[in-house]
Amino acid sequence: MHQFDVLVIGGGHAGVEAACAAARMGARTGLVSFDLAAIGAMSCNPAIGGLGKGHLVREVDALDGVIGRAADAGAIHYRMLNRSKGSAVWGPRVQADRVRFKAAVQAMVRAQPNLALVEGEAAALVLKGGAVAGLELADGTILEAGRVILCTGTFLGGVLFRGEERVEGGRIGENAAKRLAQQLRGADLPMARLKTGTPPRLDGRTIDWAVLEEQPSDGEGWTMSPLTLARMNPQVFCAITRTTQAGHDVIRANLDRSPLFSGAIAAAGPRYCPSIEDKIHRFGDREGHQVFLEPEGLDTHMVYPNGISTSLPVDVQETVVRTMPGCARVEIVQPGYAVEYDHIDPRALTPDLQVRAIPGLYCAGQINGTTGYEEAAAQGLVAGLEAAAAALGKAAPRLDRANAYIAVMVDDLTLQGVTEPYRMLTARAEYRLRLRANNAATRLTGLGIEAGCVGEERRAWWERREELRAMFHVKHSERVHSRDLADLGLPVRRDHGEKPLAEWLRFDGVTPEALAPWLGELTACDPGLAEEMAEDAAYAPYLARQDAELRDLRASEALPLPADFPYAQVPGLSNEMVERLTSAAPGTLAAAGRVPGVTPAALSALLVHARRLADGQRAA
Amino acid sequence: MSALPTIFALSSGAPPAGVGLIRVSGPGAGAALQALAGRMPEPRRASLAKLRDAQGALLDAALVLWFPGPNSATGEDLAEFHCHGGRAVIAAVERALAALPGLRRAEPGEFTRRAFANGRIDLAEAEGLGDLLAAETELQRAAALANAGGALSRQVEAWREKVLALSAEVEGVLDFSDEEDAADLPECFTWNIAALAGELREWLARPRSERLGEGFRVVLAGPPNAGKSTLFNALVESEAAITSPIAGTTRDVIERAVAIGGVPFTFVDTAGLREGESGDAVEAIGIDRAKGELSRADLVLWLGPEGAGPQDAWEIAAQADRADFAPKTTAHFTLSAATGKGVGALKAALLDVARDALPRPGEAALNARQHARLSEATEALEGAKALSDPLLVAEELRRARLAFDRLIGRATTEDMLDTLFGRFCIGK
């Protein structure tokens, strides 16, 4: 089969989600990878989820994606980060056994109808009239497709740094990558450079675990995907150690040998995930930095020391890790390194992640300047859904900043661009009270079913859940007197009067469990849903207040700004504004307001002009 | 797509005056300057030029200035002609400008509108400019100038920075507590929020800028023939009348707005109060209105029997020149409006109390819209202060930031744009 609706290049987290999403939508999809056995590999940290990232995993899963179920299949340690805070910022995170995770991904990919796996090296895009018509492989094979999604990670000019060492090149064969890269550069796409890094991998057998503080997998039963009925693997514990003054001294003495400080790497790294030399340099007064020792799998001794990403020379790395408690005799299996790479300025993409200059070409993942499996997976999902929808004349699920972190990320990327590797944070989502990791299915699965990207199993699960929700709503509207609650020992004043249960749930200490006399067995049917609805009730006053804000947002989102909007002709727009708006090409007035530096005055000028244009078109 | 028209207007006061300043803004400003002055002066440097019309007739010898956009007051190309201020000269220059292609007379407020549209000033500054143009008294002018000059905007910016810093601390706790061992909010955090909320409360308690437009409201009350009208006339005559922005409805009260020492006052002479003495329905309505006036008053001057006036009214012992004068033991002032004795002292005292009740000169004052936004921010901060869940604290701080953004017109919502259109009619 050489004819496809959608072709995906790359079998990492973005590529897998893109290919499976397009196939679920019903598009004839091909996944091109130079090594099919490498599909689903975790190249860095063996963890999935975390603060903000856990939200993305749950959202991809809610749209029937792969990463959530694969994470459960590989999970050997579960932890709910931020448990002590409000549930909207809880971050589900698992450590996954690399082998089991990859096996699960490959099984799902192979079982996916409409999806063909193509082993080969992508050499060049086939373009017709400037638009994508297919893909040429290194062996000369031509695959026809009107939509191609690039999920090729750091293949554009990646350079590895370790001390004075340099290793050039990405994962794809040099020649093949070069022609593709030339095509992209030829399209005059704005490019920029970023860096990221990894820590050395340690041999767990050489760590003295007994002297370290253990961090067990949490005892609760939650999973990444609701379709995973129970945790599958034996759970291992992590341990916590720290860097020490002695180690800091070694790092300081060798700073000049780090490419980050010798000037060899000029690109910006992530501020939220600095290398250990950065931490010492910037926070020199700290006595030590926490390091989590995370086992990489059940069948390997490899341990990932989270918190000491570095590009120092190997001998320095060795000395430094041995100054950490419990690590005096530790052996490094694979030293850490930094990677500097080119990425596309994501402002060159439209909100469906399509390259504006090359219709039919989509980009997802690290190539867009993001970091992390979860960010990559979420973009892959978007690109896959959008490309398939475009190919089939359907509509992809409508995601926006008020219903999905995924949309927050895509909106940030395509409007604001990146200055450091983009990582999801809960702080990026202004409507975070309603975007909880535990209500992703409620927010998105219905939209997914409507768009046609959700399979039978999840659809059945979701419909059962919606029935239960209706029953909860009935129960929650039941009016109960404070006396009756107080009689149960709940912390409410006896004379507080009568209120619906939903309002009582706003009171501290009133939980779904405590309301068992009214909710009956319902809570037991789906404790997760009971908890979610109790949270909805608790946050209700805040959500109601946001509603006015959202109405405004959606009103200005209803005013489209076409891609060829003549900014230069808008009276009163300064050259600077015209330039900013032209390069970000916001799709709506609301998006224009989020373009950095755009003034309210510019917005009002835009509004007037856009309304005039729209009126003119209606009249014509 | 037609280019934005070039506009011109006499910016200084009505002629005749010493100097008449005519401004031209828009893409044709340079051509207009070239056409009238016969040359382009160096940017931002005043020079003398002979102005001629299209037929070559000399109009005036004027100072001309050239400000190429975007670094001009309106953000567009801007030319200024400082002519002699006679009616004929100004009319002739305006005629010559109107005859040029693409030039038209500016609508009221259009220069401000363009400055706003080009991002030269923000919403609060634009509102200040609007007030400035409408200002009739020295006090109004000073307050409007403070806003137009960005005093309020700078203050809001400073508050916004503070809230941003507080937000950053909470967000750090929310997004990074598990990764680094810096976990909790510092002890002074709640205290800092409370301090900021307190500062905002102080601003909210300040006199509002509308008070400047309305003036300090002094109501003269008392029974018929107590000397109210004589005193009223003594207070308002000889003073500069100003046009009160309050729509005058027909009522049985006489109201006059004047400026005393640069401070706006509205004096109100009420119908005589004769409660309970007559069953006449018409008079009852008049009395009701008079009572309504009393409740709206900032200050009541009571000319009736001692102790019978409203609470906090100033006891005035009027008609001191009369033979049947009845002194008051607790009189604030004893005076005779007929002879003028004591009236000056009363005016001085009124000026003192009015100054305290109105925005201070040069101090930015809030209008109703700004007051509402600032109240929102204050409520949000006070909400944040009372919460312990950092997630909800963060939400309240976000709400405060949003209120600040709206205050200076940074937010991108329709609400803000509507406010804008309501005030400036952009796009008409």
# chains A, B, ... in the order shown; residues from 1 in each chain; ligands from 1
>>> interface_residues(of="chain A", to="chain B", cutoff="7 Å", atoms="only C-alpha atoms", output="list in words")
Leu51, Leu81, Asn82, Lys85, Gly86, Val89, Gln290, Leu425, Thr426, Ala427, Asp552, Leu553, Ser556, Pro571, Gly572, Leu573, Ser574, Ala590, Gly593, Thr599, Pro600, Ala601, Ala602, Ser604, Ala605 and Val608 of chain A
>>> select_by_dssp(residues="region 118-228 of chain A", states="helix (DSSP H, G or I)", output="VMD selection string")
chain A and resid 174 to 186 204 to 206 209 to 211
>>> write_last_selection(atoms="N, CA and C atoms", output="mmCIF file, in the first residue's frame")
data_model
loop_
_atom_site.group_PDB
_atom_site.id
_atom_site.type_symbol
_atom_site.label_atom_id
_atom_site.label_comp_id
_atom_site.auth_asym_id
_atom_site.auth_seq_id
_atom_site.Cartn_x
_atom_site.Cartn_y
_atom_site.Cartn_z
ATOM 1 N N GLU A 174 22.274 10.520 8.320
ATOM 2 C CA GLU A 174 22.672 11.883 8.001
ATOM 3 C C GLU A 174 22.122 12.389 6.674
ATOM 4 N N ASN A 175 22.315 11.610 5.593
ATOM 5 C CA ASN A 175 21.931 12.083 4.273
ATOM 6 C C ASN A 175 20.431 12.302 4.173
ATOM 7 N N ALA A 176 19.721 11.323 4.650
ATOM 8 C CA ALA A 176 18.267 11.414 4.592
ATOM 9 C C ALA A 176 17.792 12.664 5.311
ATOM 10 N N ALA A 177 18.273 12.848 6.525
ATOM 11 C CA ALA A 177 17.830 13.990 7.322
ATOM 12 C C ALA A 177 18.191 15.293 6.637
ATOM 13 N N LYS A 178 19.332 15.284 5.955
ATOM 14 C CA LYS A 178 19.804 16.539 5.364
ATOM 15 C C LYS A 178 18.831 17.076 4.322
ATOM 16 N N ARG A 179 18.322 16.174 3.448
ATOM 17 C CA ARG A 179 17.428 16.671 2.395
ATOM 18 C C ARG A 179 16.129 17.203 2.985
ATOM 19 N N LEU A 180 15.618 16.488 3.961
ATOM 20 C CA LEU A 180 14.392 16.934 4.627
ATOM 21 C C LEU A 180 14.638 18.281 5.332
ATOM 22 N N ALA A 181 15.779 18.337 6.004
ATOM 23 C CA ALA A 181 16.120 19.576 6.709
ATOM 24 C C ALA A 181 16.262 20.725 5.723
ATOM 25 N N GLN A 182 16.875 20.425 4.564
ATOM 26 C CA GLN A 182 17.040 21.475 3.547
ATOM 27 C C GLN A 182 15.690 21.979 3.061
ATOM 28 N N GLN A 183 14.763 21.040 2.885
ATOM 29 C CA GLN A 183 13.427 21.458 2.438
ATOM 30 C C GLN A 183 12.786 22.412 3.447
ATOM 31 N N LEU A 184 12.965 22.071 4.720
ATOM 32 C CA LEU A 184 12.374 22.924 5.746
ATOM 33 C C LEU A 184 13.049 24.286 5.761
ATOM 34 N N ARG A 185 14.381 24.257 5.680
ATOM 35 C CA ARG A 185 15.101 25.531 5.686
ATOM 36 C C ARG A 185 14.760 26.325 4.436
ATOM 37 N N GLY A 186 14.581 25.599 3.310
ATOM 38 C CA GLY A 186 14.243 26.254 2.055
ATOM 39 C C GLY A 186 12.900 26.958 2.114
ATOM 40 N N GLY A 204 22.442 0.404 40.046
ATOM 41 C CA GLY A 204 21.729 0.331 41.318
ATOM 42 C C GLY A 204 22.382 -0.618 42.309
ATOM 43 N N ARG A 205 23.133 -1.594 41.800
ATOM 44 C CA ARG A 205 23.772 -2.551 42.706
ATOM 45 C C ARG A 205 24.900 -1.912 43.490
ATOM 46 N N THR A 206 25.372 -0.753 43.037
ATOM 47 C CA THR A 206 26.486 -0.095 43.723
ATOM 48 C C THR A 206 26.006 1.049 44.622
ATOM 49 N N TRP A 209 21.413 1.440 49.436
ATOM 50 C CA TRP A 209 20.025 1.868 49.632
ATOM 51 C C TRP A 209 19.660 1.979 51.108
ATOM 52 N N ALA A 210 20.325 1.170 51.924
ATOM 53 C CA ALA A 210 19.935 1.087 53.333
ATOM 54 C C ALA A 210 20.084 2.418 54.056
ATOM 55 N N VAL A 211 21.055 3.254 53.653
ATOM 56 C CA VAL A 211 21.277 4.499 54.396
ATOM 57 C C VAL A 211 20.376 5.625 53.874
#
>>> select_by_dssp(residues="region 303-549 of chain A", states="strand (DSSP E or B)", output="MDAnalysis selection string")
chainID A and resid 303:306 332:334 337:344 349 354:355 361:363 370 422 479:481 498:500
>>> residues_around(residues="Glu340 (chain A)", least_positions_apart="5", cutoff="12 Å", atoms="only C-alpha atoms", output="short mmCIF file (atom, residue, chain, number, x, y, z; two decimals) with all heavy atoms, in the first residue's frame")
data_model
loop_
_atom_site.label_atom_id
_atom_site.label_comp_id
_atom_site.auth_asym_id
_atom_site.auth_seq_id
_atom_site.Cartn_x
_atom_site.Cartn_y
_atom_site.Cartn_z
N GLY A 153 11.67 14.63 16.63
CA GLY A 153 12.49 14.99 17.78
C GLY A 153 13.55 16.01 17.44
O GLY A 153 13.26 17.04 16.84
N THR A 154 14.81 15.69 17.78
CA THR A 154 15.89 16.68 17.65
C THR A 154 16.72 16.47 16.39
O THR A 154 17.88 16.83 16.36
CB THR A 154 16.81 16.61 18.87
OG1 THR A 154 17.36 15.30 18.90
CG2 THR A 154 16.09 16.89 20.15
N PHE A 155 16.15 15.88 15.35
CA PHE A 155 17.00 15.50 14.22
C PHE A 155 17.61 16.69 13.48
O PHE A 155 18.56 16.56 12.74
CB PHE A 155 16.22 14.62 13.24
CG PHE A 155 15.51 15.37 12.16
CD1 PHE A 155 15.95 15.28 10.84
CD2 PHE A 155 14.43 16.19 12.44
CE1 PHE A 155 15.30 15.96 9.84
CE2 PHE A 155 13.79 16.87 11.45
CZ PHE A 155 14.21 16.76 10.15
N LEU A 156 17.04 17.88 13.70
CA LEU A 156 17.58 19.05 13.01
C LEU A 156 18.83 19.54 13.72
O LEU A 156 18.76 20.28 14.69
CB LEU A 156 16.54 20.17 12.97
CG LEU A 156 15.34 19.96 12.05
CD1 LEU A 156 14.25 20.96 12.38
CD2 LEU A 156 15.75 20.10 10.60
N GLY A 157 19.98 19.11 13.24
CA GLY A 157 21.24 19.66 13.74
C GLY A 157 21.47 19.46 15.22
O GLY A 157 21.85 20.39 15.93
N GLY A 158 21.24 18.26 15.74
CA GLY A 158 21.51 18.00 17.14
C GLY A 158 23.00 17.80 17.39
O GLY A 158 23.69 17.17 16.60
N VAL A 159 23.51 18.34 18.50
CA VAL A 159 24.91 18.12 18.88
C VAL A 159 24.92 17.69 20.34
O VAL A 159 24.32 18.33 21.19
CB VAL A 159 25.76 19.40 18.72
CG1 VAL A 159 27.21 19.12 19.09
CG2 VAL A 159 25.66 19.95 17.31
N LEU A 160 25.60 16.56 20.62
CA LEU A 160 25.73 16.12 22.01
C LEU A 160 27.00 16.71 22.61
O LEU A 160 28.03 16.76 21.96
CB LEU A 160 25.85 14.59 22.07
CG LEU A 160 24.75 13.75 21.44
CD1 LEU A 160 24.98 12.27 21.76
CD2 LEU A 160 23.40 14.18 21.97
N PHE A 161 26.92 17.13 23.86
CA PHE A 161 28.09 17.68 24.55
C PHE A 161 28.33 16.91 25.83
O PHE A 161 27.41 16.66 26.61
CB PHE A 161 27.83 19.13 24.95
CG PHE A 161 27.76 20.10 23.80
CD1 PHE A 161 26.58 20.26 23.09
CD2 PHE A 161 28.87 20.84 23.44
CE1 PHE A 161 26.51 21.16 22.05
CE2 PHE A 161 28.80 21.74 22.40
CZ PHE A 161 27.63 21.91 21.69
N ARG A 162 29.58 16.55 26.06
CA ARG A 162 29.94 15.97 27.36
C ARG A 162 31.37 16.42 27.62
O ARG A 162 32.29 15.99 26.93
CB ARG A 162 29.86 14.46 27.30
CG ARG A 162 30.12 13.79 28.63
CD ARG A 162 30.25 12.29 28.46
NE ARG A 162 29.03 11.69 27.92
CZ ARG A 162 29.03 10.79 26.95
NH1 ARG A 162 30.16 10.41 26.38
NH2 ARG A 162 27.90 10.26 26.52
N ARG A 166 32.36 16.18 21.68
CA ARG A 166 31.23 16.60 20.84
C ARG A 166 30.80 15.42 20.00
O ARG A 166 31.65 14.77 19.40
CB ARG A 166 31.63 17.70 19.85
CG ARG A 166 32.22 18.93 20.43
CD ARG A 166 31.14 19.83 21.01
NE ARG A 166 31.75 20.96 21.66
CZ ARG A 166 32.24 20.91 22.91
NH1 ARG A 166 32.15 19.81 23.61
NH2 ARG A 166 32.80 21.96 23.45
N VAL A 167 29.53 15.15 19.91
CA VAL A 167 29.05 14.14 18.97
C VAL A 167 27.96 14.79 18.12
O VAL A 167 26.99 15.32 18.66
CB VAL A 167 28.45 12.91 19.70
CG1 VAL A 167 28.09 11.82 18.70
CG2 VAL A 167 29.43 12.40 20.74
N GLU A 168 28.17 14.81 16.80
CA GLU A 168 27.23 15.49 15.93
C GLU A 168 26.15 14.54 15.43
O GLU A 168 26.37 13.34 15.33
CB GLU A 168 27.96 16.07 14.71
CG GLU A 168 29.09 17.03 15.06
CD GLU A 168 28.77 18.46 14.67
OE1 GLU A 168 27.87 18.66 13.83
OE2 GLU A 168 29.41 19.37 15.24
N GLY A 169 25.02 15.07 15.10
CA GLY A 169 24.01 14.29 14.38
C GLY A 169 22.87 13.80 15.23
O GLY A 169 23.00 13.58 16.43
N GLY A 170 21.71 13.67 14.61
CA GLY A 170 20.53 13.16 15.32
C GLY A 170 20.41 11.67 15.09
O GLY A 170 21.39 10.99 14.75
N ALA A 192 15.29 28.18 15.64
CA ALA A 192 16.05 28.66 16.79
C ALA A 192 16.71 27.46 17.44
O ALA A 192 16.44 26.31 17.06
CB ALA A 192 15.13 29.37 17.77
N ARG A 193 17.58 27.72 18.41
CA ARG A 193 18.34 26.64 19.02
C ARG A 193 18.02 26.53 20.52
O ARG A 193 17.86 27.55 21.20
CB ARG A 193 19.83 26.92 18.84
CG ARG A 193 20.58 25.73 18.31
CD ARG A 193 21.92 26.06 17.75
NE ARG A 193 22.82 24.91 17.87
CZ ARG A 193 22.67 23.79 17.19
NH1 ARG A 193 21.69 23.66 16.33
NH2 ARG A 193 23.50 22.76 17.36
N LEU A 194 17.91 25.33 20.99
CA LEU A 194 17.66 25.09 22.41
C LEU A 194 18.61 24.01 22.89
O LEU A 194 19.22 23.31 22.08
CB LEU A 194 16.22 24.62 22.63
CG LEU A 194 15.12 25.65 22.43
CD1 LEU A 194 13.76 24.98 22.52
CD2 LEU A 194 15.23 26.77 23.45
N LYS A 195 18.71 23.88 24.22
CA LYS A 195 19.50 22.77 24.74
C LYS A 195 18.75 22.07 25.85
O LYS A 195 17.84 22.63 26.48
CB LYS A 195 20.84 23.27 25.26
CG LYS A 195 20.73 24.09 26.52
CD LYS A 195 21.61 23.58 27.62
CE LYS A 195 21.09 24.13 28.92
NZ LYS A 195 21.58 23.92 30.13
N THR A 196 19.11 20.85 26.05
CA THR A 196 18.54 20.10 27.17
C THR A 196 19.61 19.13 27.62
O THR A 196 20.66 19.01 26.99
CB THR A 196 17.23 19.40 26.76
OG1 THR A 196 16.68 18.78 27.91
CG2 THR A 196 17.47 18.35 25.70
N GLY A 197 19.37 18.44 28.71
CA GLY A 197 20.43 17.55 29.20
C GLY A 197 19.88 16.36 29.96
O GLY A 197 18.69 16.31 30.28
N THR A 198 20.74 15.39 30.20
CA THR A 198 20.34 14.22 30.99
C THR A 198 21.39 13.99 32.07
O THR A 198 22.54 14.42 31.93
CB THR A 198 20.27 12.94 30.13
OG1 THR A 198 21.59 12.61 29.72
CG2 THR A 198 19.39 13.14 28.92
N PRO A 259 30.54 22.56 28.92
CA PRO A 259 30.24 23.33 27.70
C PRO A 259 29.21 24.43 27.95
O PRO A 259 29.13 25.39 27.19
CB PRO A 259 29.70 22.27 26.73
CG PRO A 259 29.40 21.07 27.55
CD PRO A 259 30.26 21.13 28.77
N LEU A 260 28.46 24.30 29.04
CA LEU A 260 27.47 25.34 29.35
C LEU A 260 28.16 26.63 29.75
O LEU A 260 27.64 27.71 29.58
CB LEU A 260 26.57 24.89 30.50
CG LEU A 260 25.70 23.68 30.24
CD1 LEU A 260 24.93 23.32 31.49
CD2 LEU A 260 24.74 24.00 29.11
N ALA A 264 30.57 26.88 24.75
CA ALA A 264 30.32 25.98 23.62
C ALA A 264 28.82 25.89 23.34
O ALA A 264 28.39 25.82 22.20
CB ALA A 264 30.88 24.60 23.91
N ILE A 265 28.00 25.90 24.40
CA ILE A 265 26.55 25.88 24.23
C ILE A 265 26.03 27.28 24.51
O ILE A 265 26.21 27.80 25.61
CB ILE A 265 25.87 24.89 25.19
CG1 ILE A 265 26.32 23.46 24.86
CG2 ILE A 265 24.36 25.00 25.09
CD1 ILE A 265 25.66 22.41 25.71
N ALA A 266 25.42 27.87 23.51
CA ALA A 266 24.91 29.22 23.70
C ALA A 266 23.40 29.20 23.87
O ALA A 266 22.80 30.14 24.38
CB ALA A 266 25.30 30.09 22.52
N ALA A 267 22.76 28.12 23.44
CA ALA A 267 21.30 28.07 23.43
C ALA A 267 20.73 28.07 24.84
O ALA A 267 21.40 27.70 25.80
CB ALA A 267 20.84 26.83 22.69
N ALA A 268 19.48 28.47 24.94
CA ALA A 268 18.82 28.53 26.23
C ALA A 268 18.35 27.15 26.67
O ALA A 268 17.81 26.40 25.86
CB ALA A 268 17.62 29.47 26.15
N GLY A 269 18.60 26.85 27.93
CA GLY A 269 18.09 25.60 28.48
C GLY A 269 16.87 25.89 29.33
O GLY A 269 16.50 27.04 29.51
N PRO A 270 16.25 24.84 29.83
CA PRO A 270 15.04 25.04 30.63
C PRO A 270 15.37 25.61 32.00
O PRO A 270 16.18 25.07 32.72
CB PRO A 270 14.47 23.63 30.75
CG PRO A 270 15.57 22.69 30.41
CD PRO A 270 16.59 23.43 29.62
N SER A 311 26.53 18.21 31.88
CA SER A 311 27.35 17.99 30.70
C SER A 311 28.83 18.08 31.07
O SER A 311 29.69 18.30 30.23
CB SER A 311 27.02 19.02 29.63
OG SER A 311 27.21 20.33 30.15
N GLN A 366 9.19 17.58 20.10
CA GLN A 366 10.38 18.36 20.42
C GLN A 366 10.78 19.30 19.29
O GLN A 366 11.37 20.35 19.52
CB GLN A 366 11.52 17.39 20.73
CG GLN A 366 12.53 17.96 21.67
CD GLN A 366 13.49 16.89 22.18
OE1 GLN A 366 13.47 15.75 21.73
NE2 GLN A 366 14.33 17.28 23.11
N GLY A 369 9.99 22.77 19.85
CA GLY A 369 10.58 23.51 20.95
C GLY A 369 10.07 23.10 22.32
O GLY A 369 10.27 23.81 23.30
N GLU A 420 12.71 28.92 25.80
CA GLU A 420 13.40 27.81 26.47
C GLU A 420 12.55 26.60 26.15
O GLU A 420 11.40 26.75 25.74
CB GLU A 420 13.45 28.06 27.97
CG GLU A 420 12.06 28.10 28.61
CD GLU A 420 12.09 28.47 30.09
OE1 GLU A 420 13.04 28.09 30.77
OE2 GLU A 420 11.15 29.11 30.55
N PRO A 421 13.08 25.39 26.33
CA PRO A 421 12.24 24.23 26.03
C PRO A 421 10.92 24.34 26.79
O PRO A 421 10.92 24.55 28.01
CB PRO A 421 13.09 23.05 26.52
CG PRO A 421 14.50 23.55 26.42
CD PRO A 421 14.43 25.01 26.76
#
>>> atom_distance(atom1="CA of Gln3 (chain A)", atom2="CA of Asp35 (chain A)")
20.9 Å
>>> residues_around(residues="region 388-397 of chain A", least_positions_apart="4", cutoff="10 Å", atoms="only C-alpha atoms", output="number ranges by chain")
A: 4-7, 18-19, 21-29, 63, 145-147, 352, 360, 382-384, 444-453
>>> residues_around(residues="region 145-158 of chain B", least_positions_apart="2", cutoff="6 Å", atoms="only C-alpha atoms", output="PyMOL selection string")
chain B and resi 125+128-129+141-143+160-161+362+364
>>> write_last_selection(atoms="N, CA, C and O atoms", output="PDB file, in the first residue's frame")
ATOM      1  N   GLU B 125      -5.073  56.763  31.080  1.00  0.00           N
ATOM      2  CA  GLU B 125      -4.549  58.049  30.627  1.00  0.00           C
ATOM      3  C   GLU B 125      -5.536  58.735  29.683  1.00  0.00           C
ATOM      4  O   GLU B 125      -5.720  59.946  29.723  1.00  0.00           O
ATOM      5  N   GLY B 128      -8.204  60.214  31.626  1.00  0.00           N
ATOM      6  CA  GLY B 128      -7.699  61.420  32.261  1.00  0.00           C
ATOM      7  C   GLY B 128      -7.708  62.581  31.281  1.00  0.00           C
ATOM      8  O   GLY B 128      -8.123  63.685  31.615  1.00  0.00           O
ATOM      9  N   LEU B 129      -7.285  62.290  30.028  1.00  0.00           N
ATOM     10  CA  LEU B 129      -7.277  63.346  29.013  1.00  0.00           C
ATOM     11  C   LEU B 129      -8.691  63.840  28.742  1.00  0.00           C
ATOM     12  O   LEU B 129      -8.916  65.042  28.604  1.00  0.00           O
ATOM     13  N   ARG B 141      -8.756  70.311  36.828  1.00  0.00           N
ATOM     14  CA  ARG B 141      -7.662  70.242  35.876  1.00  0.00           C
ATOM     15  C   ARG B 141      -6.496  69.454  36.472  1.00  0.00           C
ATOM     16  O   ARG B 141      -5.932  68.569  35.835  1.00  0.00           O
ATOM     17  N   ALA B 142      -6.167  69.751  37.731  1.00  0.00           N
ATOM     18  CA  ALA B 142      -5.013  69.105  38.349  1.00  0.00           C
ATOM     19  C   ALA B 142      -5.227  67.597  38.469  1.00  0.00           C
ATOM     20  O   ALA B 142      -4.323  66.807  38.201  1.00  0.00           O
ATOM     21  N   ALA B 143      -6.445  67.207  38.853  1.00  0.00           N
ATOM     22  CA  ALA B 143      -6.713  65.779  39.027  1.00  0.00           C
ATOM     23  C   ALA B 143      -6.688  65.065  37.680  1.00  0.00           C
ATOM     24  O   ALA B 143      -6.126  63.984  37.536  1.00  0.00           O
ATOM     25  N   ARG B 160       0.201  45.850  40.357  1.00  0.00           N
ATOM     26  CA  ARG B 160       0.177  44.648  39.544  1.00  0.00           C
ATOM     27  C   ARG B 160       1.494  43.877  39.710  1.00  0.00           C
ATOM     28  O   ARG B 160       1.510  42.661  39.826  1.00  0.00           O
ATOM     29  N   GLU B 161       2.587  44.622  39.746  1.00  0.00           N
ATOM     30  CA  GLU B 161       3.893  43.994  39.956  1.00  0.00           C
ATOM     31  C   GLU B 161       3.913  43.254  41.292  1.00  0.00           C
ATOM     32  O   GLU B 161       4.406  42.142  41.390  1.00  0.00           O
ATOM     33  N   GLY B 362      -3.551  67.336  42.020  1.00  0.00           N
ATOM     34  CA  GLY B 362      -2.391  66.567  41.586  1.00  0.00           C
ATOM     35  C   GLY B 362      -2.440  65.115  41.983  1.00  0.00           C
ATOM     36  O   GLY B 362      -1.595  64.325  41.584  1.00  0.00           O
ATOM     37  N   ALA B 364      -4.083  61.484  41.734  1.00  0.00           N
ATOM     38  CA  ALA B 364      -4.962  60.767  40.815  1.00  0.00           C
ATOM     39  C   ALA B 364      -6.228  60.359  41.556  1.00  0.00           C
ATOM     40  O   ALA B 364      -6.170  59.881  42.682  1.00  0.00           O
TER      41      ALA B 364
END
>>> residues_around(residues="Ser258 (chain A)", least_positions_apart="3", cutoff="9 Å", atoms="only C-alpha atoms", output="list in words")
Phe161, Arg162, Gly163, Glu164, Asn254, Leu255, Phe261, Ser262, Gly263, Ala264, Glu277, Thr310, Ser311, Leu312 and Pro313 of chain A
